[in-house]
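S.K.: So that you have it, the file is start_14.pdb, and it contains PDB, C-alpha atoms:
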```pdb
ATOM      1  CA  MET A  25       0.000   0.000   0.000
ATOM      2  CA  VAL A  26       2.870   2.324   0.844
ATOM      3  CA  ASP A  27       4.563   1.526  -2.464
ATOM      4  CA  VAL A  28       1.401   2.398  -4.383
ATOM      5  CA  SER A  29       1.067   5.673  -2.474
ATOM      6  CA  ASP A  30       4.711   6.584  -3.152
ATOM      7  CA  ALA A  31       4.352   5.759  -6.830
ATOM      8  CA  LEU A  32       1.196   7.865  -7.068
ATOM      9  CA  SER A  33       2.864  10.774  -5.272
ATOM     10  CA  THR A  34       5.884  10.557  -7.584
ATOM     11  CA  ALA A  35       3.647  10.499 -10.650
ATOM     12  CA  ILE A  36       1.749  13.588  -9.444
ATOM     13  CA  GLN A  37       4.968  15.480  -8.721
ATOM     14  CA  HIS A  38       6.337  14.453 -12.116
ATOM     15  CA  ARG A  39       3.238  15.754 -13.890
ATOM     16  CA  ARG A  40       3.341  19.023 -11.963
ATOM     17  CA  ALA A  41       6.916  19.565 -13.143
ATOM     18  CA  LEU A  42       5.754  19.519 -16.766
ATOM     19  CA  PRO A  43       4.556  22.796 -18.295
ATOM     20  CA  THR A  44       1.020  23.295 -19.540
ATOM     21  CA  ILE A  45       0.227  23.201 -23.237
ATOM     22  CA  PHE A  46      -0.268  26.986 -23.109
ATOM     23  CA  GLU A  47       3.274  27.529 -21.812
ATOM     24  CA  VAL A  48       4.632  25.273 -24.546
ATOM     25  CA  LEU A  49       2.710  27.084 -27.284
ATOM     26  CA  ALA A  50       3.719  30.480 -25.880
ATOM     27  CA  GLN A  51       7.444  29.723 -25.985
ATOM     28  CA  GLU A  52       7.154  28.222 -29.479
ATOM     29  CA  ASN A  53       5.294  31.298 -30.687
ATOM     30  CA  LEU A  54       8.060  33.508 -29.264
ATOM     31  CA  HIS A  55      10.734  31.387 -30.938
ATOM     32  CA  GLU A  56       8.975  31.536 -34.327
ATOM     33  CA  SER A  57       8.334  35.288 -34.065
ATOM     34  CA  ILE A  58      11.955  36.356 -33.695
ATOM     35  CA  LYS A  59      13.049  35.631 -37.260
ATOM     36  CA  PRO A  60      10.292  37.516 -39.157
ATOM     37  CA  ALA A  61      10.680  40.480 -36.800
ATOM     38  CA  CYS A  62      14.433  40.645 -37.367
ATOM     39  CA  LYS A  63      13.960  40.202 -41.106
ATOM     40  CA  HIS A  64      11.527  43.097 -41.186
ATOM     41  CA  ILE A  65      14.091  45.361 -39.502
ATOM     42  CA  VAL A  66      16.739  44.369 -42.056
ATOM     43  CA  LYS A  67      14.211  44.870 -44.866
ATOM     44  CA  VAL A  68      13.443  48.421 -43.739
ATOM     45  CA  LEU A  69      17.155  49.210 -43.433
ATOM     46  CA  ALA A  70      17.787  47.796 -46.911
ATOM     47  CA  GLN A  71      15.005  49.960 -48.334
ATOM     48  CA  ARG A  72      16.343  53.104 -46.653
ATOM     49  CA  ARG A  73      20.047  52.471 -47.283
ATOM     50  CA  PRO A  74      20.409  49.771 -49.965
ATOM     51  CA  GLU A  75      24.096  50.574 -50.504
ATOM     52  CA  TYR A  76      24.853  49.552 -46.905
ATOM     53  CA  PHE A  77      22.250  46.960 -45.941
ATOM     54  CA  SER A  78      21.030  45.227 -49.116
ATOM     55  CA  PHE A  79      23.629  42.466 -48.711
ATOM     56  CA  LEU A  80      22.252  41.757 -45.223
ATOM     57  CA  TYR A  81      18.779  41.241 -46.654
ATOM     58  CA  ARG A  82      20.032  39.012 -49.470
ATOM     59  CA  SER A  83      21.963  36.803 -47.037
ATOM     60  CA  PHE A  84      19.576  37.142 -44.103
ATOM     61  CA  ASP A  85      18.760  33.421 -43.719
ATOM     62  CA  GLU A  86      22.428  32.433 -43.558
ATOM     63  CA  LEU A  87      23.399  35.253 -41.178
ATOM     64  CA  TYR A  88      20.425  34.536 -38.933
ATOM     65  CA  ALA A  89      21.374  30.851 -38.776
ATOM     66  CA  VAL A  90      24.960  31.700 -37.776
ATOM     67  CA  VAL A  91      23.874  34.125 -35.038
ATOM     68  CA  GLY A  92      21.226  31.650 -33.910
ATOM     69  CA  VAL A  93      23.799  28.877 -33.515
ATOM     70  CA  TRP A  94      25.900  31.088 -31.234
ATOM     71  CA  LEU A  95      22.953  32.302 -29.119
ATOM     72  CA  GLN A  96      21.209  28.953 -28.754
ATOM     73  CA  ARG A  97      24.491  27.217 -27.963
ATOM     74  CA  HIS A  98      25.013  29.634 -25.078
ATOM     75  CA  PHE A  99      21.545  29.008 -23.622
ATOM     76  CA  LEU A 100      21.739  25.240 -24.103
ATOM     77  CA  SER A 101      25.189  25.024 -22.505
ATOM     78  CA  ASN A 102      24.433  27.224 -19.510
ATOM     79  CA  HIS A 103      20.701  26.777 -18.976
ATOM     80  CA  SER A 104      19.761  23.540 -20.811
ATOM     81  CA  ALA A 105      17.091  25.518 -22.653
ATOM     82  CA  SER A 106      16.605  27.550 -25.795
ATOM     83  CA  MET A 107      16.322  31.323 -25.514
ATOM     84  CA  SER A 108      12.507  31.271 -25.670
ATOM     85  CA  GLU A 109      12.292  28.344 -23.231
ATOM     86  CA  TYR A 110      14.519  30.193 -20.787
ATOM     87  CA  TYR A 111      12.236  33.234 -20.908
ATOM     88  CA  TYR A 112       9.285  31.065 -19.812
ATOM     89  CA  ASP A 113      11.344  29.305 -17.085
ATOM     90  CA  LEU A 114      11.429  25.985 -18.911
ATOM     91  CA  ILE A 115      14.307  23.548 -19.180
ATOM     92  CA  ARG A 116      15.204  20.541 -21.321
ATOM     93  CA  GLN A 117      15.900  17.384 -19.345
ATOM     94  CA  LYS A 118      16.359  13.663 -19.750
ATOM     95  CA  GLU A 119      14.809  11.888 -16.778
ATOM     96  CA  PHE A 120      15.465  14.884 -14.497
ATOM     97  CA  SER A 121      19.145  15.147 -15.439
ATOM     98  CA  GLN A 122      20.982  17.833 -17.404
ATOM     99  CA  LEU A 123      21.458  17.419 -21.137
ATOM    100  CA  ASP A 124      24.608  15.642 -22.251
ATOM    101  CA  VAL A 125      26.762  16.966 -25.095
ATOM    102  CA  LYS A 126      25.112  14.684 -27.662
ATOM    103  CA  ARG A 127      21.620  15.963 -26.909
ATOM    104  CA  GLN A 128      22.823  19.554 -26.728
ATOM    105  CA  LEU A 129      24.179  19.246 -30.258
ATOM    106  CA  ALA A 130      20.984  17.561 -31.442
ATOM    107  CA  SER A 131      18.919  20.307 -29.828
ATOM    108  CA  LEU A 132      21.130  22.946 -31.430
ATOM    109  CA  PHE A 133      20.560  21.376 -34.841
ATOM    110  CA  THR A 134      16.771  21.273 -34.444
ATOM    111  CA  LEU A 135      16.677  24.874 -33.181
ATOM    112  CA  THR A 136      18.850  26.456 -35.883
ATOM    113  CA  MET A 137      19.783  24.333 -38.886
ATOM    114  CA  LEU A 138      16.518  22.418 -39.256
ATOM    115  CA  PRO A 139      14.411  25.618 -39.596
ATOM    116  CA  TYR A 140      16.998  26.941 -42.081
ATOM    117  CA  ILE A 141      16.686  23.797 -44.205
ATOM    118  CA  GLN A 142      12.889  23.915 -43.959
ATOM    119  CA  SER A 143      12.807  27.537 -45.146
ATOM    120  CA  LYS A 144      14.993  26.743 -48.165
ATOM    121  CA  VAL A 145      12.857  23.717 -49.055
ATOM    122  CA  GLU A 146       9.704  25.822 -48.790
ATOM    123  CA  VAL A 147      11.200  28.493 -51.059
ATOM    124  CA  ALA A 148      12.092  25.820 -53.623
ATOM    125  CA  PHE A 149       8.556  24.404 -53.492
ATOM    126  CA  ASN A 150       6.981  27.851 -53.902
ATOM    127  CA  GLU A 151       9.149  28.490 -56.950
ATOM    128  CA  GLN A 152       8.018  25.178 -58.415
ATOM    129  CA  ARG A 153       4.385  25.974 -57.646
ATOM    130  CA  GLU A 154       4.567  29.429 -59.215
ATOM    131  CA  SER A 155       5.984  27.898 -62.373
ATOM    132  CA  GLY A 156       3.084  25.434 -62.431
ATOM    133  CA  GLY A 157       5.260  22.453 -61.542
ATOM    134  CA  GLN A 158       6.685  22.469 -65.048
ATOM    135  CA  SER A 159      10.202  21.129 -64.652
ATOM    136  CA  GLN A 160      12.343  18.852 -66.757
ATOM    137  CA  SER A 161      14.065  17.269 -63.771
ATOM    138  CA  ILE A 162      12.585  14.034 -62.399
ATOM    139  CA  PHE A 163      13.743  14.955 -58.895
ATOM    140  CA  SER A 164      11.905  18.294 -59.130
ATOM    141  CA  LYS A 165       8.711  16.574 -60.218
ATOM    142  CA  VAL A 166       8.932  14.026 -57.383
ATOM    143  CA  PHE A 167       9.690  16.810 -54.909
ATOM    144  CA  TYR A 168       6.759  18.886 -56.173
ATOM    145  CA  TYR A 169       4.394  15.929 -55.739
ATOM    146  CA  PHE A 170       5.535  14.567 -52.362
ATOM    147  CA  TYR A 171       6.409  17.755 -50.448
ATOM    148  CA  PRO A 172       2.756  18.699 -49.670
ATOM    149  CA  ILE A 173       2.135  15.145 -48.446
ATOM    150  CA  LEU A 174       5.171  15.159 -46.144
ATOM    151  CA  HIS A 175       4.310  18.645 -44.922
ATOM    152  CA  THR A 176       0.776  17.537 -44.055
ATOM    153  CA  LEU A 177       2.023  14.424 -42.259
ATOM    154  CA  CYS A 178       4.458  16.479 -40.165
ATOM    155  CA  ASN A 179       1.718  18.907 -39.167
ATOM    156  CA  ALA A 180      -0.582  16.010 -38.291
ATOM    157  CA  ALA A 181       2.130  14.437 -36.121
ATOM    158  CA  ASN A 182       2.704  17.737 -34.307
ATOM    159  CA  LEU A 183      -1.030  18.127 -33.713
ATOM    160  CA  TYR A 184      -1.258  14.599 -32.315
ATOM    161  CA  PHE A 185       1.596  15.191 -29.860
ATOM    162  CA  TYR A 186       0.101  18.518 -28.778
ATOM    163  CA  PHE A 187      -3.243  16.850 -28.053
ATOM    164  CA  ALA A 188      -1.678  13.887 -26.236
ATOM    165  CA  PHE A 189       0.443  16.247 -24.122
ATOM    166  CA  ALA A 190      -2.534  18.472 -23.316
ATOM    167  CA  ILE A 191      -4.671  15.592 -21.980
ATOM    168  CA  GLY A 192      -1.781  14.023 -20.062
ATOM    169  CA  ARG A 193      -1.307  10.966 -22.255
ATOM    170  CA  SER A 194       2.281  11.886 -23.183
ATOM    171  CA  ASP A 195       5.217  13.682 -21.579
ATOM    172  CA  PHE A 196       6.463  14.841 -24.987
ATOM    173  CA  HIS A 197       4.771  17.747 -26.764
ATOM    174  CA  SER A 198       6.651  17.260 -30.036
ATOM    175  CA  PRO A 199       7.845  14.288 -32.127
ATOM    176  CA  ILE A 200      11.332  15.845 -32.172
ATOM    177  CA  TYR A 201      11.475  15.793 -28.356
ATOM    178  CA  LYS A 202      10.293  12.176 -28.467
ATOM    179  CA  LEU A 203      13.058  11.213 -30.908
ATOM    180  CA  LEU A 204      15.678  12.960 -28.768
ATOM    181  CA  ASP A 205      14.172  11.545 -25.556
ATOM    182  CA  ILE A 206      14.050  15.046 -24.045
ATOM    183  CA  LYS A 207      11.323  16.384 -21.783
ATOM    184  CA  LEU A 208      10.440  20.021 -21.278
ATOM    185  CA  THR A 209       9.955  20.781 -17.567
ATOM    186  CA  ARG A 210       9.709  23.798 -15.322
ATOM    187  CA  VAL A 211      12.915  25.203 -13.832
ATOM    188  CA  ASN A 212      13.654  24.298 -10.229
ATOM    189  CA  PRO A 213      13.752  27.727  -8.501
ATOM    190  CA  PHE A 214      16.114  26.418  -5.814
ATOM    191  CA  GLU A 215      18.714  25.153  -8.288
ATOM    192  CA  ASP A 216      21.860  27.266  -8.486
ATOM    193  CA  LYS A 217      24.244  26.486 -11.296
ATOM    194  CA  ASN A 218      27.861  27.503 -10.704
ATOM    195  CA  LEU A 219      29.119  29.460 -13.722
ATOM    196  CA  GLY A 220      32.476  31.034 -14.388
ATOM    197  CA  THR A 221      32.933  34.804 -14.200
ATOM    198  CA  PHE A 222      33.055  35.356 -17.947
ATOM    199  CA  SER A 223      30.217  32.918 -18.618
ATOM    200  CA  LYS A 224      28.120  34.553 -15.903
ATOM    201  CA  LEU A 225      28.738  37.991 -17.432
ATOM    202  CA  ILE A 226      27.714  36.814 -20.894
ATOM    203  CA  SER A 227      24.721  35.008 -19.430
ATOM    204  CA  ASN A 228      23.545  38.119 -17.593
ATOM    205  CA  LEU A 229      23.932  40.271 -20.711
ATOM    206  CA  LEU A 230      22.051  37.854 -22.930
ATOM    207  CA  THR A 231      19.328  36.768 -20.545
ATOM    208  CA  GLY A 232      18.850  40.285 -19.230
ATOM    209  CA  GLY A 233      18.312  41.445 -22.780
ATOM    210  CA  VAL A 234      15.656  38.820 -23.378
ATOM    211  CA  HIS A 235      13.075  40.649 -21.259
ATOM    212  CA  ALA A 236      13.594  43.975 -23.003
ATOM    213  CA  GLY A 237      13.871  42.163 -26.326
ATOM    214  CA  VAL A 238      10.429  40.563 -25.951
ATOM    215  CA  PHE A 239       8.816  43.969 -25.588
ATOM    216  CA  ILE A 240      10.701  45.264 -28.638
ATOM    217  CA  LEU A 241       9.786  42.105 -30.541
ATOM    218  CA  ARG A 242       6.068  42.590 -29.890
ATOM    219  CA  PHE A 243       6.315  46.184 -31.057
ATOM    220  CA  ILE A 244       8.076  45.075 -34.256
ATOM    221  CA  GLN A 245       5.377  42.451 -34.840
ATOM    222  CA  TRP A 246       2.746  45.174 -34.666
ATOM    223  CA  TRP A 247       4.840  47.346 -36.980
ATOM    224  CA  TYR A 248       5.290  44.457 -39.407
ATOM    225  CA  ALA A 249       1.553  43.661 -39.406
ATOM    226  CA  GLU A 250       0.646  47.285 -40.108
ATOM    227  CA  ASP A 251       3.216  47.503 -42.876
ATOM    228  CA  HIS A 252       2.171  44.182 -44.399
ATOM    229  CA  GLN A 253      -1.491  45.217 -44.515
ATOM    230  CA  ASN A 254      -0.569  48.413 -46.379
ATOM    231  CA  PRO A 255       2.012  47.406 -49.005
ATOM    232  CA  LEU A 256       1.474  50.594 -51.014
ATOM    233  CA  ARG A 257       2.613  52.726 -48.090
ATOM    234  CA  GLN A 258       6.239  51.727 -48.617
ATOM    235  CA  SER A 259       6.264  53.162 -52.142
ATOM    236  CA  SER A 260       4.038  56.202 -51.607
ATOM    237  CA  MET A 261       6.967  58.605 -51.176
ATOM    238  CA  LEU A 262       9.116  57.289 -54.000
ATOM    239  CA  SER A 263      10.121  59.582 -56.820
ATOM    240  CA  PRO A 264       8.359  59.053 -60.186
ATOM    241  CA  PRO A 265       9.787  56.382 -62.514
ATOM    242  CA  PRO A 266      12.218  57.466 -65.217
ATOM    243  CA  ASN A 267      11.020  58.446 -68.679
ATOM    244  CA  SER A 268      10.539  55.485 -71.014
ATOM    245  CA  LYS A 269      12.801  57.176 -73.562
ATOM    246  CA  SER A 270      15.762  57.381 -71.187
ATOM    247  CA  LYS A 271      18.796  55.272 -71.903
ATOM    248  CA  GLN A 272      19.342  51.889 -70.272
ATOM    249  CA  HIS A 273      21.818  52.063 -67.361
ATOM    250  CA  ASP A 274      23.101  49.890 -64.513
ATOM    251  CA  GLY A 275      21.542  46.793 -66.062
ATOM    252  CA  LEU A 276      17.996  48.232 -65.927
ATOM    253  CA  MET A 277      15.441  47.576 -68.649
ATOM    254  CA  LEU A 278      13.809  50.056 -71.016
ATOM    255  CA  VAL A 279      10.031  50.357 -71.115
ATOM    256  CA  PRO A 280       8.734  48.882 -74.415
ATOM    257  CA  THR A 281       7.004  51.330 -76.733
ATOM    258  CA  THR A 282       4.479  48.654 -77.755
ATOM    259  CA  LYS A 283       1.494  48.390 -75.458
ATOM    260  CA  GLY A 284       1.088  45.135 -73.522
ATOM    261  CA  VAL A 285       4.740  43.999 -73.876
ATOM    262  CA  CYS A 286       6.746  42.757 -70.868
ATOM    263  CA  PRO A 287       9.949  44.800 -70.325
ATOM    264  CA  LEU A 288      11.849  41.626 -69.386
ATOM    265  CA  CYS A 289      11.039  39.114 -72.122
ATOM    266  CA  GLN A 290       9.936  41.705 -74.740
ATOM    267  CA  ARG A 291       6.860  39.619 -75.567
ATOM    268  CA  ILE A 292       3.129  40.051 -74.982
ATOM    269  CA  ARG A 293       2.527  39.790 -71.242
ATOM    270  CA  ARG A 294       1.147  36.516 -69.900
ATOM    271  CA  ASN A 295      -0.393  36.263 -66.424
ATOM    272  CA  GLN A 296       0.062  40.013 -65.942
ATOM    273  CA  THR A 297       1.554  41.092 -62.618
ATOM    274  CA  ALA A 298       2.152  44.613 -61.287
ATOM    275  CA  LEU A 299       5.117  45.542 -59.114
ATOM    276  CA  LEU A 300       3.766  47.828 -56.371
ATOM    277  CA  THR A 301       7.049  49.636 -55.752
ATOM    278  CA  SER A 302       7.143  51.073 -59.282
ATOM    279  CA  GLY A 303       3.768  50.394 -60.901
ATOM    280  CA  TYR A 304       5.146  48.590 -63.954
ATOM    281  CA  VAL A 305       3.494  45.423 -65.270
ATOM    282  CA  PHE A 306       5.307  42.240 -66.328
ATOM    283  CA  CYS A 307       4.748  38.553 -66.983
ATOM    284  CA  TYR A 308       4.410  36.831 -63.627
ATOM    285  CA  ILE A 309       7.163  34.270 -64.199
ATOM    286  CA  CYS A 310       9.550  36.928 -65.564
ATOM    287  CA  ILE A 311       9.182  39.389 -62.686
ATOM    288  CA  TYR A 312       9.027  36.700 -59.990
ATOM    289  CA  LYS A 313      12.349  35.188 -61.022
ATOM    290  CA  TYR A 314      13.954  38.615 -61.503
ATOM    291  CA  VAL A 315      12.893  39.942 -58.088
ATOM    292  CA  GLN A 316      13.902  36.694 -56.397
ATOM    293  CA  LYS A 317      17.404  37.096 -57.811
ATOM    294  CA  TYR A 318      18.047  40.858 -57.804
ATOM    295  CA  LYS A 319      15.630  42.237 -55.155
ATOM    296  CA  ARG A 320      14.826  45.324 -57.241
ATOM    297  CA  CYS A 321      12.529  46.631 -59.973
ATOM    298  CA  PRO A 322      14.058  45.871 -63.399
ATOM    299  CA  VAL A 323      12.959  49.277 -64.779
ATOM    300  CA  THR A 324      13.471  51.771 -61.927
ATOM    301  CA  GLY A 325      15.979  49.892 -59.754
ATOM    302  CA  TYR A 326      13.876  50.431 -56.613
ATOM    303  CA  HIS A 327      14.564  47.864 -53.877
ATOM    304  CA  THR A 328      11.687  45.379 -53.613
ATOM    305  CA  ASP A 329      10.802  41.729 -53.005
ATOM    306  CA  VAL A 330       8.177  39.191 -54.049
ATOM    307  CA  ASP A 331       5.678  40.457 -51.440
ATOM    308  CA  HIS A 332       5.116  43.485 -53.690
ATOM    309  CA  LEU A 333       3.913  41.421 -56.666
ATOM    310  CA  THR A 334       0.201  41.698 -57.396
ATOM    311  CA  LYS A 335      -1.517  39.763 -60.176
ATOM    312  CA  ILE A 336      -3.888  41.638 -62.464
ATOM    313  CA  TYR A 337      -7.177  39.918 -63.253
ATOM    314  CA  LEU A 338      -8.943  41.278 -66.337
ATOM    315  CA  ASN A 339     -12.657  40.886 -67.077
ATOM    316  CA  SER A 340     -11.813  38.653 -70.022
ATOM    317  CA  ASP A 341     -10.077  36.256 -67.627
TER
END
```
What does the file become when written as structure tokens?
M.R.:
Amino acid sequence: MVDVSDALSTAIQHRRALPTIFEVLAQENLHESIKPACKHIVKVLAQRRPEYFSFLYRSFDELYAVVGVWLQRHFLSNHSASMSEYYYDLIRQKEFSQLDVKRQLASLFTLTMLPYIQSKVEVAFNEQRESGGQSQSIFSKVFYYFYPILHTLCNAANLYFYFAFAIGRSDFHSPIYKLLDIKLTRVNPFEDKNLGTFSKLISNLLTGGVHAGVFILRFIQWWYAEDHQNPLRQSSMLSPPPNSKSKQHDGLMLVPTTKGVCPLCQRIRRNQTALLTSGYVFCYICIYKYVQKYKRCPVTGYHTDVDHLTKIYLNSD
């Protein structure tokens, strides 16, 4: 009878150490919000000073991954948690013990490199989808067919683990945590980890900045949402486009004199698409590929990206 009571008490204490599903979702939302907020800052800087910051925007994913590796490595090494988990007083553990080096490296990969790979795969799929899946490569065709299926299966697996964790049927809220055999638990407030002087200084600087950074992050999210809902606002103060009779310079295209011709391919426009930053109209495939590569309008040279592409639907369509 005593053994049963002890086992029940241990199980209750173990469950209390686990966070709620709301805490888990909150820290994941914070983790996923940092990248778009930072990218929006770099985007604004690149628009204001393209000569200084355009390279940052072009290489943002790679630079963000490098900085993320350094930051997350610090938090995993000193706090056994990611930056967002640390903010919500959560910690990664294996059976109530600190993470070993192997699981720290695995956690670092899933926090930094895996999202980077996922973003590149998603970009490749979107490019295939915009081109209508018309590719000569067999690998591209297979990828275009199976990626939505794999993406759906991954989302279904995540949803299943969330539900099982919420009703107490599982201690793992994610299939990745299950594969790594890592549990997310609340921090023991009485635990005091002995850090070196330099490590403690760095830890205080980074973790102290998290609290102020969250406030700034929320403000940037609001700023980004307002800006995203009003895409024309970014180009409202731009100077008028150059005269169509001006000479071609700096690799920019001349405006065709024939009505309905795309400045890029010099043929009748197909699937007409306007670029909001300049107002010129192109073929969708032509302007999409050009903006993806050069991040500017091919006629005016204004800095832009694919978010400023708007398809034109005529009555005859």
S.K.: Would you please work out which residue, of A:Ser104, A:Thr136, A:Thr281, A:Ser78, is nearest to Ile206 of chain A when using only C-alpha atoms?
M.R.: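 When distances to Ile206 of chain A are compared using only C-alpha atoms, the smallest one comes from A:Ser104.
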S.K.: Can you give me, as a list of chain:residue names, the residues this file yields under the PyMOL selection byres ((chain A and resi 315-326) around 7)?
M.R.: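 After applying the PyMOL selection byres ((chain A and resi 315-326) around 7), what remains is A:Pro265, A:Pro266, A:Leu276, A:Met277, A:Leu278, A:Thr301, A:Ser302, A:Ile311, A:Tyr312, A:Lys313, A:Tyr314, A:His327, A:Thr328, A:Asp329, A:Val330.
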S.K.: Selected residues, C-alpha atoms, written as a PDB file, in the frame of the given file, please.
M.R.:
```pdb
ATOM      1  CA  PRO A 265       9.787  56.382 -62.514  1.00  0.00           C
ATOM      2  CA  PRO A 266      12.218  57.466 -65.217  1.00  0.00           C
ATOM      3  CA  LEU A 276      17.996  48.232 -65.927  1.00  0.00           C
ATOM      4  CA  MET A 277      15.441  47.576 -68.649  1.00  0.00           C
ATOM      5  CA  LEU A 278      13.809  50.056 -71.016  1.00  0.00           C
ATOM      6  CA  THR A 301       7.049  49.636 -55.752  1.00  0.00           C
ATOM      7  CA  SER A 302       7.143  51.073 -59.282  1.00  0.00           C
ATOM      8  CA  ILE A 311       9.182  39.389 -62.686  1.00  0.00           C
ATOM      9  CA  TYR A 312       9.027  36.700 -59.990  1.00  0.00           C
ATOM     10  CA  LYS A 313      12.349  35.188 -61.022  1.00  0.00           C
ATOM     11  CA  TYR A 314      13.954  38.615 -61.503  1.00  0.00           C
ATOM     12  CA  HIS A 327      14.564  47.864 -53.877  1.00  0.00           C
ATOM     13  CA  THR A 328      11.687  45.379 -53.613  1.00  0.00           C
ATOM     14  CA  ASP A 329      10.802  41.729 -53.005  1.00  0.00           C
ATOM     15  CA  VAL A 330       8.177  39.191 -54.049  1.00  0.00           C
TER      16      VAL A 330
END
```
S.K.: Name the residues in contact with Leu69 of chain A at a cut-off of 9 Å, using only C-alpha atoms, excluding same-chain residues fewer than 6 positions from it; report them as a list in words.
M.R.: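 Residues near the query, excluding close chain neighbours: Tyr76, Phe77, Ser78 and Tyr81 of chain A.
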S.K.: Suppose we keep C-alpha atoms; can you now write the selection as a compact mmCIF listing (two decimals), keeping the file's coordinate frame?
M.R.:
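Contents of out_18.txt, freshly written:
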```txt
# COMPACT_ATOMS: atom_id res chain seq x y z
CA TYR A 76 24.85 49.55 -46.90
CA PHE A 77 22.25 46.96 -45.94
CA SER A 78 21.03 45.23 -49.12
CA TYR A 81 18.78 41.24 -46.65
```
S.K.: Which residue out of A:Ala181, A:Leu338, A:Leu123, A:Met137 has the minimum interatomic distance to Leu204 of chain A when all atoms listed in the file are used?
M.R.: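 That would be A:Leu123, the residue with the smallest distance to Leu204 of chain A.
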S.K.: Please determine, counting all atoms listed in the file, which residue among A:Asp85, A:Ile162, A:Pro287, A:Val48 has the shortest atom-to-atom distance to Ile141 of chain A.
M.R.: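 For Ile141 of chain A, the nearest of the candidates is A:Asp85.
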S.K.: How many Å separate atom CA of Asn150 of chain A from atom CA of Lys335 of chain A?
M.R.: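 Interatomic distance, atom CA of Asn150 of chain A to atom CA of Lys335 of chain A: 15.9 Å.
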S.K.: In Å, how far is it from atom CA of Trp94 of chain A to atom CA of Gln128 of chain A?
M.R.: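 Rounded to one decimal, the two atoms are 12.8 Å apart.
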S.K.: Kindly give the distance, in Å, that separates atom CA of Thr134 of chain A and atom CA of Ser106 of chain A, rounded to a single decimal.
M.R.: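 Between atom CA of Thr134 of chain A and atom CA of Ser106 of chain A the gap is 10.7 Å.
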S.K.: For Val93 of chain A, which residue out of A:Leu132, A:Leu114, A:Asp124, A:Glu109 is the nearest one, using all atoms listed in the file?
M.R.: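 Under the stated criterion, the closest residue is A:Leu132.
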S.K.: Fewer than 2 positions away in the same chain doesn't count, so skip those; otherwise give me all residues within 12 Å of Leu87 of chain A, counting only C-alpha atoms, as a count of residues only.
M.R.: 20
S.K.: Please list as a list of chain:residue names every residue within 7 Å of segment 195-202 of chain A, counting only C-alpha atoms and excluding residues in the same chain fewer than 4 positions away.
M.R.: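 Counting only C-alpha atoms, the residues come to A:Ala181, A:Asn182, A:Phe185, A:Tyr186, A:Phe189, A:Ile206, A:Lys207.
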S.K.: Give the padded box for segment 100-103 of chain A as lines of an AutoDock Vina configuration file: axis-aligned, covering all atoms listed in the file, 6 Å on each side, centre and edge lengths in Å to one decimal.
M.R.:
```
center_x = 22.9
center_y = 26.1
center_z = -21.5
size_x = 16.5
size_y = 14.2
size_z = 17.1
```
S.K.: For a quick check of understanding, using all atoms listed in the file, which of A:Leu333, A:Leu288, A:Ala190, A:Ile309 has the smallest distance to Phe46 of chain A?
M.R.: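 Result for the nearest residue to Phe46 of chain A: A:Ala190.
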S.K.: Using all atoms listed in the file, pick whichever of A:Val147, A:Tyr112, A:Gln142, A:Leu95 has the shortest atom-to-atom distance to Glu47 of chain A.
M.R.: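 Of A:Val147, A:Tyr112, A:Gln142, A:Leu95, the one nearest Glu47 of chain A is A:Tyr112, counting all atoms listed in the file.
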S.K.: For segment 289-298 of chain A, supply N, CA and C atoms and report the output as an mmCIF file, in the frame of the given file.
M.R.:
```cif
data_model
loop_
_atom_site.group_PDB
_atom_site.id
_atom_site.type_symbol
_atom_site.label_atom_id
_atom_site.label_comp_id
_atom_site.auth_asym_id
_atom_site.auth_seq_id
_atom_site.Cartn_x
_atom_site.Cartn_y
_atom_site.Cartn_z
ATOM 1 N N CYS A 289 10.932 40.092 -71.023
ATOM 2 C CA CYS A 289 11.039 39.114 -72.122
ATOM 3 C C CYS A 289 10.741 39.719 -73.488
ATOM 4 N N GLN A 290 10.245 40.991 -73.494
ATOM 5 C CA GLN A 290 9.936 41.705 -74.740
ATOM 6 C C GLN A 290 8.877 40.984 -75.580
ATOM 7 N N ARG A 291 7.975 40.276 -74.889
ATOM 8 C CA ARG A 291 6.860 39.619 -75.567
ATOM 9 C C ARG A 291 5.553 40.045 -74.912
ATOM 10 N N ILE A 292 4.441 39.701 -75.548
ATOM 11 C CA ILE A 292 3.129 40.051 -74.982
ATOM 12 C C ILE A 292 3.011 39.439 -73.584
ATOM 13 N N ARG A 293 2.576 40.242 -72.636
ATOM 14 C CA ARG A 293 2.527 39.790 -71.242
ATOM 15 C C ARG A 293 1.545 38.636 -71.061
ATOM 16 N N ARG A 294 1.987 37.647 -70.282
ATOM 17 C CA ARG A 294 1.147 36.516 -69.900
ATOM 18 C C ARG A 294 1.049 36.475 -68.377
ATOM 19 N N ASN A 295 -0.167 36.258 -67.878
ATOM 20 C CA ASN A 295 -0.393 36.263 -66.424
ATOM 21 C C ASN A 295 0.145 37.571 -65.838
ATOM 22 N N GLN A 296 -0.452 38.687 -66.248
ATOM 23 C CA GLN A 296 0.062 40.013 -65.942
ATOM 24 C C GLN A 296 0.155 40.266 -64.433
ATOM 25 N N THR A 297 1.277 40.838 -64.031
ATOM 26 C CA THR A 297 1.554 41.092 -62.618
ATOM 27 C C THR A 297 2.178 42.471 -62.464
ATOM 28 N N ALA A 298 1.628 43.271 -61.550
ATOM 29 C CA ALA A 298 2.152 44.613 -61.287
ATOM 30 C C ALA A 298 3.117 44.569 -60.111
#
```
